[in-house]
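All remarks here apply to the structure that follows.
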Amino acid sequence: MIRVIVNGCNGKMGKVLTDTILGSGSFELAAGVDPIEGEESEFPVYRSLLDVKESADVVIDFSVPEGFASLLKEAEQRKLPVVVATTGLGDEHFALIEKSCRVIPVFQAANMSLGVNLMKVLVRQAASVLGSSFDIEIVEKHHRTKRDAPSGTALALADTLKTVRDYPFEYVYGRKEKNKLREDREIGIHAVRAGNIVGEHDVIFAGKDELVNLRHTAYSKGLFAMGALQAAAYVYRKLPGFYHMEDMIAESSTVTNLYTNEEALVSFKRIPSSMGTSHNIFEAFSKGGINIDMISQTITDEGFHSLSFSIDDGDSGAAEGVLKDLRAENPKLEGTVFSDLCKVTVEGIGMETQSGVASAVFGILDDLGIDVMAVTTSETKISVIFERASRDGVVRAFKERYDL
């Protein structure tokens, strides 16, 4: 059980969070903290974090910016990680986080919804693809009692857009005072406060004769509570540092896919280091209608290198014919086709930012005694080729390791 202290437990989101924890089988509500008295609770409530007598693993903050400085100072004194879910933070608050994260782990997100943070990824992709010919406007809607406007999520979405374009944007908050035509480098940001709207964010890309609208709608505050608890489970064992939702998503998605193919491997030894011979080889296989994959080249000695690449196992016979023709032109060419092999690929977007995947993959292969014949990698995948008879054991081990 992860023991949680809820800061701001008597507020609207604080109550949602405490109810969620009390109904959870993975988290324990150690105590609540709130300087404002509320209804009698089934858990202890204190006015300050330093007053809490119960032991805990992490603090989740759903309060207001005014008490933020004291919260961080008290969390430092107790050496407790903090999940910051409070909105409306300014530059001075982030400066405090930068200091505190040298002592304790601090996780902060303008929105605790996983869906919203996925939307940030999609918004970045859309801005990159659609380009500068599309105007961008952000409209956010919340309940009538939300204090900060525009929302922190709207600003975070706007900041995401700024990372894509190679010129500075101007944020325009409403247009009442702008009695002039819209300029190209504007992002309009508009806030609606009405009724009991939980939260809705639209990012509008408007071009000539077409419009793309990305929207996230929250139907319940419970999703923010669940996101905050996921963040707590992520951060409570981390070293001191400043953590974000992107870090958690990347780490949880380090390896998300695993697939296999029946392959053959074509391998050449002692090819002259000039590209002429390699070009002739690839041209011959292209004329033979054979698709190639996993190209690997290694420098050997005396001006030679080795070359290998994988092909579909069904093309093994055709590859032997291509090699025969190549040897007829160059008798010194040392080429071999190895068939009955298997390619296993592990893939995940988190591999681009998280270290240790290669170590884990090759540790598994070493434990199984696998003789790897070829390896290729990219930022988001690792592919290995080995004898097909070992495929089931390798796949099973990878699935167990990455819960696939």
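Identifiers in this document derive from the order of the structure tokens: chains are assigned A, B, ..., residues are numbered from 1 separately in each chain, and ligands are numbered from 1 in order of occurrence.
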Practice task
Using DSSP on the backbone coordinates, identify all residues within region 14-103 of chain A classified as alpha helix (DSSP H); present the result as a ChimeraX atom specification.
Solution key: /A:14-22,68-78,91-100
Practice task
From the DSSP assignment of the backbone, select every residue of region 229-312 of chain A that is strand (DSSP E), and format the answer as JSON, numbers by chain.
Solution key: {"A": [241, 242, 243, 257, 258, 259, 260, 261, 262, 263, 264, 265, 266, 267, 268, 269, 270, 271, 272, 292, 293, 294, 295, 296, 297, 298, 299, 304, 305, 306, 307, 308, 309, 310, 311, 312]}
Practice task
Could you jot down the CA of Phe68 (chain A) to CA of Ile21 (chain A) separation for me, Å, one decimal place?
Solution key: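 Taking CA of Phe68 (chain A) and CA of Ile21 (chain A), their separation equals 22.5 Å.
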Practice task
Find the residues near Asp19 (chain A): any atom within 12 Å, counting only C-alpha atoms, skip ones fewer than 4 places away on the same chain, and give them as a ChimeraX atom specification.
Solution key: /A:6,9-10,12-15,23-24,27-29,32,41-43,221-222,225-226
Practice task
For each of A:Arg185, A:Arg193, A:Arg175, A:Arg165, take the minimum atom-to-atom distance to His142 (chain A), counting only C-alpha atoms, then give the residue where this is smallest.
Solution key: A:Arg193
Handout entry: Separation of CA of Val106 (chain A) from CA of Val52 (chain A) in Å
Key =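 Pair CA of Val52 (chain A) / CA of Val106 (chain A) returns 19.5 Å.
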Practice task
With a distance cut-off of 10 Å and only C-alpha atoms, select the neighbouring residues of Tyr234 (chain A), excluding the residue or stretch itself and same-chain residues fewer than 2 positions from it, and output the selection as number ranges by chain.
Solution key: A: 83, 107, 228-232, 236-238, 243, 245, 247-249, 251-252
